[in-house]
>>> print(open('final-v8.cif').read())   # mmCIF, C-alpha atoms (C1' of nucleotides)
data_query
loop_
_atom_site.label_atom_id
_atom_site.label_comp_id
_atom_site.auth_asym_id
_atom_site.auth_seq_id
_atom_site.Cartn_x
_atom_site.Cartn_y
_atom_site.Cartn_z
CA MET A 26 0.00 0.00 0.00
CA ARG A 27 1.05 3.56 -0.66
CA ILE A 28 0.15 6.21 1.91
CA ALA A 29 0.81 9.94 1.97
CA THR A 30 0.23 12.93 4.21
CA PHE A 31 -0.48 16.49 3.12
CA ASN A 32 -1.20 19.77 4.87
CA ALA A 33 -3.77 21.39 2.59
CA ASN A 34 -4.21 24.80 4.27
CA SER A 35 -7.83 24.73 3.02
CA ILE A 36 -8.99 21.65 1.13
CA ARG A 37 -11.30 23.76 -1.03
CA SER A 38 -8.34 25.80 -2.30
CA ARG A 39 -6.28 22.65 -2.94
CA LEU A 40 -8.97 20.32 -4.23
CA SER A 41 -7.87 20.14 -7.88
CA LEU A 42 -4.23 19.81 -6.79
CA ILE A 43 -5.14 16.94 -4.45
CA LEU A 44 -7.21 15.13 -7.07
CA ASP A 45 -4.48 15.60 -9.69
CA TRP A 46 -1.87 14.24 -7.31
CA MET A 47 -4.03 11.27 -6.32
CA SER A 48 -4.50 10.31 -9.96
CA SER A 49 -0.78 10.57 -10.82
CA SER A 50 0.88 9.32 -7.63
CA GLY A 51 -0.52 5.84 -7.25
CA CYS A 52 -1.45 6.70 -3.68
CA ASP A 53 -3.98 4.45 -1.90
CA VAL A 54 -4.54 6.51 1.23
CA LEU A 55 -4.03 10.26 1.64
CA ALA A 56 -4.20 11.90 5.06
CA VAL A 57 -5.05 15.61 4.84
CA GLN A 58 -4.74 18.24 7.54
CA GLU A 59 -6.00 21.80 7.84
CA THR A 60 -9.07 21.28 5.70
CA LYS A 61 -10.46 24.49 7.23
CA VAL A 62 -14.05 23.68 6.50
CA ALA A 63 -17.18 22.67 8.43
CA ASP A 64 -18.52 19.22 7.61
CA ASP A 65 -21.60 20.51 5.78
CA GLU A 66 -19.36 22.51 3.44
CA PHE A 67 -16.81 19.74 2.83
CA PRO A 68 -16.32 18.99 -0.92
CA ALA A 69 -17.19 15.29 -0.54
CA ALA A 70 -19.21 15.11 -3.75
CA GLU A 71 -16.32 16.26 -5.93
CA ILE A 72 -13.95 13.78 -4.30
CA CYS A 73 -16.39 10.88 -4.71
CA GLN A 74 -17.04 11.91 -8.30
CA ALA A 75 -13.28 11.62 -8.92
CA GLY A 76 -13.49 8.03 -7.71
CA TYR A 77 -12.24 8.21 -4.13
CA HIS A 78 -13.74 7.55 -0.76
CA VAL A 79 -13.37 10.22 1.89
CA VAL A 80 -13.98 10.64 5.60
CA PHE A 81 -13.59 13.93 7.41
CA THR A 82 -14.14 15.95 10.52
CA GLY A 83 -13.78 19.69 10.49
CA GLN A 84 -14.81 23.06 11.79
CA LYS A 85 -15.34 26.47 10.31
CA ALA A 86 -12.13 28.30 9.22
CA TYR A 87 -9.67 26.36 11.40
CA ASN A 88 -8.17 22.89 11.74
CA GLY A 89 -9.98 19.90 10.24
CA VAL A 90 -8.69 16.53 9.00
CA ALA A 91 -9.69 14.08 6.29
CA ILE A 92 -8.64 10.78 4.74
CA LEU A 93 -9.05 10.03 1.04
CA SER A 94 -8.75 6.40 -0.06
CA LYS A 95 -9.17 4.17 -3.08
CA GLU A 96 -11.15 1.66 -1.07
CA PRO A 97 -13.58 2.45 1.74
CA LEU A 98 -12.02 2.64 5.20
CA GLU A 99 -13.23 0.44 8.00
CA ASP A 100 -13.82 1.42 11.61
CA VAL A 101 -13.64 5.18 11.04
CA ARG A 102 -13.46 7.26 14.20
CA LYS A 103 -13.17 10.97 14.79
CA GLY A 104 -11.33 12.64 17.64
CA LEU A 105 -9.55 11.08 20.60
CA GLY A 106 -12.70 10.27 22.52
CA LYS A 107 -11.62 12.55 25.33
CA MET A 108 -11.82 16.20 26.29
CA PRO A 109 -10.23 18.68 26.25
CA GLU A 110 -8.14 17.31 23.36
CA ASP A 111 -11.28 17.01 21.23
CA GLU A 112 -12.31 20.65 21.47
CA GLU A 113 -10.72 21.14 18.06
CA ALA A 114 -11.08 18.93 14.96
CA ARG A 115 -7.60 17.41 14.79
CA VAL A 116 -7.89 13.62 14.65
CA ILE A 117 -9.47 11.07 12.35
CA ARG A 118 -8.64 7.45 11.77
CA GLY A 119 -9.66 4.47 9.69
CA ARG A 120 -8.48 1.00 8.70
CA PHE A 121 -7.25 0.16 5.19
CA ARG A 122 -6.40 -3.47 4.32
CA GLY A 123 -5.93 -4.23 8.01
CA VAL A 124 -3.73 -1.19 8.69
CA THR A 125 -5.06 1.47 11.02
CA VAL A 126 -4.16 4.99 9.94
CA VAL A 127 -4.34 7.71 12.60
CA ASN A 128 -4.26 11.14 10.99
CA THR A 129 -3.56 14.12 13.24
CA TYR A 130 -3.10 17.85 12.94
CA VAL A 131 -0.98 18.69 15.97
CA PRO A 132 -1.54 22.22 17.38
CA GLN A 133 1.05 24.58 15.94
CA GLY A 134 1.79 26.29 19.26
CA THR A 135 1.73 29.95 18.12
CA ALA A 136 4.53 31.21 20.43
CA VAL A 137 6.60 29.61 23.16
CA ASP A 138 5.26 32.04 25.79
CA SER A 139 1.60 31.61 24.77
CA PRO A 140 -1.05 29.32 26.30
CA ARG A 141 -1.26 27.65 22.91
CA PHE A 142 2.25 26.29 23.37
CA GLU A 143 1.32 24.67 26.69
CA TYR A 144 -1.76 23.28 24.96
CA LYS A 145 0.46 21.84 22.23
CA ILE A 146 2.73 20.04 24.73
CA LYS A 147 -0.21 18.55 26.62
CA TRP A 148 -1.92 17.61 23.37
CA ILE A 149 1.14 15.71 22.13
CA ARG A 150 1.52 13.87 25.45
CA GLY A 151 -2.19 13.05 25.25
CA MET A 152 -1.50 11.07 22.08
CA ARG A 153 0.35 8.47 24.14
CA ASP A 154 -2.69 8.03 26.37
CA TYR A 155 -4.78 7.65 23.23
CA PHE A 156 -2.51 4.96 21.77
CA ASP A 157 -2.45 3.23 25.17
CA ARG A 158 -6.24 3.22 25.33
CA GLU A 159 -6.88 2.12 21.77
CA PHE A 160 -3.94 0.02 20.54
CA THR A 161 -0.83 -1.98 21.35
CA PRO A 162 2.65 -1.44 19.88
CA ASN A 163 2.23 -4.81 18.11
CA ASP A 164 -0.72 -3.57 16.05
CA MET A 165 -0.49 -2.73 12.36
CA LEU A 166 -0.66 0.98 13.00
CA LEU A 167 0.46 4.19 11.33
CA TRP A 168 0.48 7.62 12.94
CA VAL A 169 0.70 10.24 10.22
CA GLY A 170 0.08 13.92 9.70
CA ASP A 171 1.28 17.40 10.46
CA PHE A 172 3.10 16.92 13.78
CA ASN A 173 4.29 20.54 13.83
CA VAL A 174 7.58 19.33 15.31
CA ALA A 175 10.96 18.95 13.62
CA PRO A 176 12.37 16.10 15.75
CA GLU A 177 16.12 16.48 15.19
CA PRO A 178 18.69 19.17 14.33
CA ILE A 179 18.99 17.69 10.82
CA ASP A 180 15.27 18.38 10.36
CA VAL A 181 15.63 22.18 10.27
CA TYR A 182 17.73 24.47 8.08
CA ASP A 183 19.41 26.30 10.97
CA PRO A 184 19.40 24.13 14.10
CA GLU A 185 21.52 26.53 16.18
CA GLY A 186 19.54 29.63 15.28
CA LEU A 187 16.13 27.98 15.49
CA TYR A 188 16.72 26.02 18.69
CA GLY A 189 14.01 26.88 21.20
CA SER A 190 11.56 28.29 18.67
CA VAL A 191 8.08 26.91 18.02
CA CYS A 192 8.25 23.55 16.21
CA PHE A 193 11.90 23.06 17.23
CA HIS A 194 11.81 23.32 21.00
CA PRO A 195 13.21 20.93 23.63
CA GLU A 196 9.82 20.62 25.36
CA GLU A 197 8.27 19.59 22.06
CA HIS A 198 11.06 17.09 21.49
CA LYS A 199 10.54 15.64 24.96
CA ALA A 200 6.77 15.34 24.48
CA LEU A 201 7.08 13.77 21.04
CA GLU A 202 9.80 11.39 22.21
CA TYR A 203 7.47 10.32 25.02
CA VAL A 204 4.89 9.26 22.44
CA LYS A 205 7.53 7.69 20.20
CA GLU A 206 8.76 5.54 23.09
CA TRP A 207 5.32 3.94 23.18
CA GLY A 208 6.42 2.09 20.07
CA PHE A 209 6.87 4.17 16.92
CA VAL A 210 9.50 4.29 14.19
CA ASP A 211 9.98 7.41 12.06
CA VAL A 212 9.57 5.76 8.66
CA PHE A 213 11.22 8.55 6.69
CA ARG A 214 14.31 8.36 8.93
CA LYS A 215 14.41 4.57 8.64
CA HIS A 216 15.07 5.04 4.94
CA HIS A 217 17.16 8.23 5.16
CA PRO A 218 19.16 7.94 8.39
CA GLY A 219 21.26 10.96 9.25
CA GLU A 220 20.51 12.82 6.02
CA PRO A 221 19.99 16.56 6.55
CA GLY A 222 18.11 18.82 4.16
CA HIS A 223 14.87 16.88 3.73
CA TYR A 224 12.02 19.26 4.48
CA THR A 225 8.24 19.35 4.22
CA PHE A 226 7.52 22.97 5.15
CA TRP A 227 8.91 26.35 4.15
CA ASP A 228 7.56 29.45 5.88
CA TYR A 229 5.72 31.51 3.26
CA ARG A 230 6.31 34.63 5.34
CA ILE A 231 10.02 34.41 4.55
CA PRO A 232 10.75 35.56 0.99
CA ASN A 233 11.98 32.71 -1.25
CA SER A 234 12.31 30.36 1.70
CA PHE A 235 12.13 27.35 -0.61
CA LYS A 236 14.82 28.54 -3.00
CA ARG A 237 16.95 29.44 0.01
CA ARG A 238 16.35 25.92 1.41
CA MET A 239 14.98 27.35 4.66
CA GLY A 240 12.87 24.32 5.45
CA TRP A 241 11.52 22.23 8.28
CA ARG A 242 10.53 18.54 8.41
CA LEU A 243 7.23 18.81 10.28
CA ASP A 244 5.06 16.22 8.50
CA HIS A 245 5.60 12.61 9.37
CA ILE A 246 4.75 8.98 8.81
CA TRP A 247 5.39 6.94 11.93
CA ALA A 248 4.80 3.21 12.22
CA THR A 249 4.70 0.57 14.92
CA ARG A 250 7.52 -1.97 14.65
CA PRO A 251 5.59 -4.69 12.82
CA MET A 252 4.41 -2.06 10.36
CA ALA A 253 7.83 -0.38 10.01
CA GLU A 254 9.32 -3.77 9.14
CA ARG A 255 7.06 -3.78 6.10
CA SER A 256 8.03 -0.30 4.88
CA VAL A 257 10.01 -0.42 1.64
CA ASN A 258 10.51 3.30 0.97
CA CYS A 259 9.58 6.77 2.16
CA TRP A 260 10.15 10.06 0.39
CA ILE A 261 9.06 13.68 0.14
CA ASP A 262 7.27 14.61 -3.07
CA THR A 263 7.48 18.25 -4.06
CA GLU A 264 6.49 18.57 -7.67
CA PRO A 265 8.68 20.80 -9.87
CA ARG A 266 5.73 22.64 -11.39
CA THR A 267 4.69 24.04 -8.02
CA ARG A 268 8.10 24.64 -6.49
CA GLU A 269 7.43 28.36 -6.41
CA LYS A 270 4.94 27.58 -3.68
CA PRO A 271 6.16 24.25 -2.32
CA SER A 272 4.09 24.47 0.85
CA ASP A 273 1.08 24.18 -1.44
CA HIS A 274 2.27 20.85 -2.74
CA THR A 275 4.48 18.81 -0.47
CA PHE A 276 3.50 15.22 0.25
CA VAL A 277 5.32 12.73 2.45
CA VAL A 278 4.83 9.31 0.87
CA ALA A 279 5.57 5.77 2.05
CA ASP A 280 5.23 2.31 0.54
CA PHE A 281 4.47 -0.77 2.63
CA ASP A 282 4.62 -4.39 1.50
CA LEU A 283 1.66 -6.07 3.11
CA GLY A 284 2.38 -9.38 1.42
"C1'" DA B 2 9.65 50.30 7.13
"C1'" DT B 3 8.79 45.93 13.98
"C1'" DG B 4 7.44 44.43 7.91
"C1'" DG B 5 7.22 39.83 4.45
"C1'" DT B 6 2.25 35.72 2.74
"C1'" DG B 7 -1.88 32.76 2.46
"C1'" DG B 8 -6.43 31.32 3.80
"C1'" DA B 9 -10.84 32.05 5.97
"C1'" DC B 10 -13.97 35.45 6.52
"C1'" DA B 11 -15.57 39.62 7.17
"C1'" DA B 12 -12.41 42.24 12.16
"C1'" DT B 13 -8.85 39.84 12.88
"C1'" DC B 14 -7.12 34.98 13.84
"C1'" DC B 15 -4.02 31.31 12.77
"C1'" DA B 16 -0.04 29.55 10.66
#
>>> encode(input="final-v8.cif", output="structure tokens")
Amino acid sequence: MRIATFNANSIRSRLSLILDWMSSSGCDVLAVQETKVADDEFPAAEICQAGYHVVFTGQKAYNGVAILSKEPLEDVRKGLGKMPEDEEARVIRGRFRGVTVVNTYVPQGTAVDSPRFEYKIKWIRGMRDYFDREFTPNDMLLWVGDFNVAPEPIDVYDPEGLYGSVCFHPEEHKALEYVKEWGFVDVFRKHHPGEPGHYTFWDYRIPNSFKRRMGWRLDHIWATRPMAERSVNCWIDTEPRTREKPSDHTFVVADFDLG
DNA sequence: ATGGTGGACAATCCA
């Protein structure tokens, strides 16, 4: 199976791009974050018309997650089943060919000294409770999405200068490591160990950040051990035709051999 | 020049 994750920053603005990419990429399951649309406005009809199944949970203007798939997902669930983590639409999951895909949009954090940053740390730690409640590390499980954390110095363009800023902060690293210790492997790193310069996000507020290679690796595909053993490749797909605005078109993709 | 952009949505909020 081929799975990918994509931060849409409005699924309505990126719909044709998403459908084009689905038709050309050979992707079976696409996890989308920041759909930014309430459920009654979600473009489900267009997606179904293009031949895909889709599940989603969203809210007006902010957040929102969805999963597109070539076959219908089983056991679809929205949220973490617990407050206050579920106050915002950030989690959806489903099962595809026996593999459970948990798609999350981790809170961005806004600023280190803001309440939103504290919320982010608690939210990330809450993911371990969620996995504890719902799964075991031996399950065929993928955790994918916009984690809003660059885990290692090689995952940002300027580790010394950016250390301590939002999305590259020791408290974030500690919280994410706490969830990882539950039983996850970073699938991209499994296939590209120690390689710097692989990014999924470039700040559009910085002029020419992509050309200047001022990137961050914030979007991830993590797998439990039995699932990671079946991964055959993982890469970042930024299509040349949209490299002027790469944040509009950067997918993290992974292939798994399910036998 | 305390800015730069993009999206939602209608004044700012979030990223």
>>> closest_residue(input="final-v8.cif", among="A:Pro68, A:Gly76, A:Gly134, A:Gly51", to="chain B", atoms="all atoms listed in the file")
A:Gly134
>>> interface_residues(input="final-v8.cif", of="chain B", to="chain A", cutoff="8 Å", atoms="all atoms listed in the file", output="VMD selection string")
chain B and resid 5 to 10 15 to 16
>>> residues_around(input="final-v8.cif", residues="A:Glu66", least_positions_apart="3", cutoff="12 Å", atoms="only C-alpha atoms (C1' of nucleotides)", output="list in words")
Ser35, Ile36, Arg37, Thr60, Lys61, Val62, Ala63, Ala69, Ala70, Glu71, Phe81, Thr82, Gly83, Gln84, Lys85, Ala86 and Gly89 of chain A
>>> residues_near_point(input="final-v8.cif", point="(3.4, -3.1, 3.5)", cutoff="8 Å", atoms="all atoms listed in the file", output="CSV table (one decimal) with C-alpha atoms, keeping the file's coordinate frame")
chain,number,residue,atom,x,y,z
A,26,MET,CA,0.0,0.0,0.0
A,252,MET,CA,4.4,-2.1,10.4
A,255,ARG,CA,7.1,-3.8,6.1
A,256,SER,CA,8.0,-0.3,4.9
A,257,VAL,CA,10.0,-0.4,1.6
A,280,ASP,CA,5.2,2.3,0.5
A,281,PHE,CA,4.5,-0.8,2.6
A,282,ASP,CA,4.6,-4.4,1.5
A,283,LEU,CA,1.7,-6.1,3.1
A,284,GLY,CA,2.4,-9.4,1.4
>>> resolve_selection(input="final-v8.cif", expression="the PyMOL selection byres ((chain A and resi 176) around 9)", output="PyMOL selection string")
chain A and resi 174-175+177-181+192-194+197-198+201-202+242-243
>>> atom_distance(input="final-v8.cif", atom1="atom CA of A:Asp164", atom2="atom CA of A:Gly123")
9.6 Å
>>> atom_distance(input="final-v8.cif", atom1="atom CA of A:Met239", atom2="atom CA of A:Asp183")
7.8 Å
>>> build_atoms(input="final-v8.cif", residues="stretch 69-104 of chain A", atoms="N, CA and C atoms", output="JSON list (two decimals), keeping the file's coordinate frame")
[["chain", "number", "residue", "atom", "x", "y", "z"],
["A", 69, "ALA", "N", -17.17, 16.75, -0.44],
["A", 69, "ALA", "CA", -17.19, 15.29, -0.54],
["A", 69, "ALA", "C", -17.67, 14.83, -1.92],
["A", 70, "ALA", "N", -18.63, 15.53, -2.47],
["A", 70, "ALA", "CA", -19.21, 15.11, -3.75],
["A", 70, "ALA", "C", -18.16, 15.11, -4.85],
["A", 71, "GLU", "N", -17.35, 16.17, -4.90],
["A", 71, "GLU", "CA", -16.32, 16.26, -5.93],
["A", 71, "GLU", "C", -15.30, 15.13, -5.79],
["A", 72, "ILE", "N", -14.94, 14.82, -4.55],
["A", 72, "ILE", "CA", -13.95, 13.78, -4.30],
["A", 72, "ILE", "C", -14.50, 12.41, -4.69],
["A", 73, "CYS", "N", -15.76, 12.16, -4.34],
["A", 73, "CYS", "CA", -16.39, 10.88, -4.71],
["A", 73, "CYS", "C", -16.55, 10.78, -6.21],
["A", 74, "GLN", "N", -16.89, 11.89, -6.84],
["A", 74, "GLN", "CA", -17.04, 11.91, -8.30],
["A", 74, "GLN", "C", -15.73, 11.56, -8.99],
["A", 75, "ALA", "N", -14.60, 11.94, -8.36],
["A", 75, "ALA", "CA", -13.28, 11.62, -8.92],
["A", 75, "ALA", "C", -12.89, 10.16, -8.66],
["A", 76, "GLY", "N", -13.71, 9.45, -7.89],
["A", 76, "GLY", "CA", -13.49, 8.03, -7.71],
["A", 76, "GLY", "C", -12.87, 7.61, -6.39],
["A", 77, "TYR", "N", -12.86, 8.52, -5.43],
["A", 77, "TYR", "CA", -12.24, 8.21, -4.13],
["A", 77, "TYR", "C", -13.28, 8.22, -3.02],
["A", 78, "HIS", "N", -12.95, 7.48, -1.98],
["A", 78, "HIS", "CA", -13.74, 7.55, -0.76],
["A", 78, "HIS", "C", -13.12, 8.61, 0.15],
["A", 79, "VAL", "N", -13.92, 9.20, 0.99],
["A", 79, "VAL", "CA", -13.37, 10.22, 1.89],
["A", 79, "VAL", "C", -14.15, 10.25, 3.20],
["A", 80, "VAL", "N", -13.39, 10.40, 4.29],
["A", 80, "VAL", "CA", -13.98, 10.64, 5.60],
["A", 80, "VAL", "C", -13.36, 11.91, 6.16],
["A", 81, "PHE", "N", -14.10, 12.62, 6.99],
["A", 81, "PHE", "CA", -13.59, 13.93, 7.41],
["A", 81, "PHE", "C", -14.26, 14.37, 8.70],
["A", 82, "THR", "N", -13.54, 15.23, 9.40],
["A", 82, "THR", "CA", -14.14, 15.95, 10.52],
["A", 82, "THR", "C", -13.50, 17.32, 10.56],
["A", 83, "GLY", "N", -14.33, 18.34, 10.59],
["A", 83, "GLY", "CA", -13.78, 19.69, 10.49],
["A", 83, "GLY", "C", -14.54, 20.70, 11.31],
["A", 84, "GLN", "N", -14.13, 21.94, 11.15],
["A", 84, "GLN", "CA", -14.81, 23.06, 11.79],
["A", 84, "GLN", "C", -14.61, 24.27, 10.90],
["A", 85, "LYS", "N", -15.40, 25.29, 11.14],
["A", 85, "LYS", "CA", -15.34, 26.47, 10.31],
["A", 85, "LYS", "C", -13.98, 27.17, 10.44],
["A", 86, "ALA", "N", -13.33, 27.44, 9.32],
["A", 86, "ALA", "CA", -12.13, 28.30, 9.22],
["A", 86, "ALA", "C", -10.82, 27.71, 9.75],
["A", 87, "TYR", "N", -10.91, 26.85, 10.79],
["A", 87, "TYR", "CA", -9.67, 26.36, 11.40],
["A", 87, "TYR", "C", -9.63, 24.83, 11.46],
["A", 88, "ASN", "N", -8.41, 24.31, 11.48],
["A", 88, "ASN", "CA", -8.17, 22.89, 11.74],
["A", 88, "ASN", "C", -8.89, 22.00, 10.71],
["A", 89, "GLY", "N", -9.27, 20.82, 11.12],
["A", 89, "GLY", "CA", -9.98, 19.90, 10.24],
["A", 89, "GLY", "C", -9.05, 18.89, 9.61],
["A", 90, "VAL", "N", -9.48, 17.62, 9.58],
["A", 90, "VAL", "CA", -8.69, 16.53, 9.00],
["A", 90, "VAL", "C", -9.59, 15.64, 8.15],
["A", 91, "ALA", "N", -8.94, 14.95, 7.19],
["A", 91, "ALA", "CA", -9.69, 14.08, 6.29],
["A", 91, "ALA", "C", -8.78, 12.95, 5.82],
["A", 92, "ILE", "N", -9.39, 11.86, 5.36],
["A", 92, "ILE", "CA", -8.64, 10.78, 4.74],
["A", 92, "ILE", "C", -9.33, 10.39, 3.44],
["A", 93, "LEU", "N", -8.58, 10.51, 2.34],
["A", 93, "LEU", "CA", -9.05, 10.03, 1.04],
["A", 93, "LEU", "C", -8.48, 8.63, 0.82],
["A", 94, "SER", "N", -9.24, 7.76, 0.16],
["A", 94, "SER", "CA", -8.75, 6.40, -0.06],
["A", 94, "SER", "C", -9.40, 5.79, -1.30],
["A", 95, "LYS", "N", -8.67, 4.83, -1.88],
["A", 95, "LYS", "CA", -9.17, 4.17, -3.08],
["A", 95, "LYS", "C", -10.22, 3.11, -2.77],
["A", 96, "GLU", "N", -10.14, 2.60, -1.53],
["A", 96, "GLU", "CA", -11.15, 1.66, -1.07],
["A", 96, "GLU", "C", -11.76, 2.23, 0.21],
["A", 97, "PRO", "N", -12.98, 1.89, 0.51],
["A", 97, "PRO", "CA", -13.58, 2.45, 1.74],
["A", 97, "PRO", "C", -12.80, 2.04, 2.98],
["A", 98, "LEU", "N", -12.68, 2.95, 3.93],
["A", 98, "LEU", "CA", -12.02, 2.64, 5.20],
["A", 98, "LEU", "C", -12.99, 1.94, 6.13],
["A", 99, "GLU", "N", -12.42, 1.08, 6.98],
["A", 99, "GLU", "CA", -13.23, 0.44, 8.00],
["A", 99, "GLU", "C", -12.99, 1.12, 9.34],
["A", 100, "ASP", "N", -13.96, 0.99, 10.21],
["A", 100, "ASP", "CA", -13.82, 1.42, 11.61],
["A", 100, "ASP", "C", -13.34, 2.87, 11.72],
["A", 101, "VAL", "N", -14.02, 3.76, 11.03],
["A", 101, "VAL", "CA", -13.64, 5.18, 11.04],
["A", 101, "VAL", "C", -14.06, 5.82, 12.37],
["A", 102, "ARG", "N", -13.13, 6.55, 12.96],
["A", 102, "ARG", "CA", -13.46, 7.26, 14.20],
["A", 102, "ARG", "C", -12.85, 8.66, 14.18],
["A", 103, "LYS", "N", -13.58, 9.57, 14.78],
["A", 103, "LYS", "CA", -13.17, 10.97, 14.79],
["A", 103, "LYS", "C", -12.83, 11.40, 16.20],
["A", 104, "GLY", "N", -11.74, 12.14, 16.34],
["A", 104, "GLY", "CA", -11.33, 12.64, 17.64],
["A", 104, "GLY", "C", -10.62, 11.59, 18.46]]
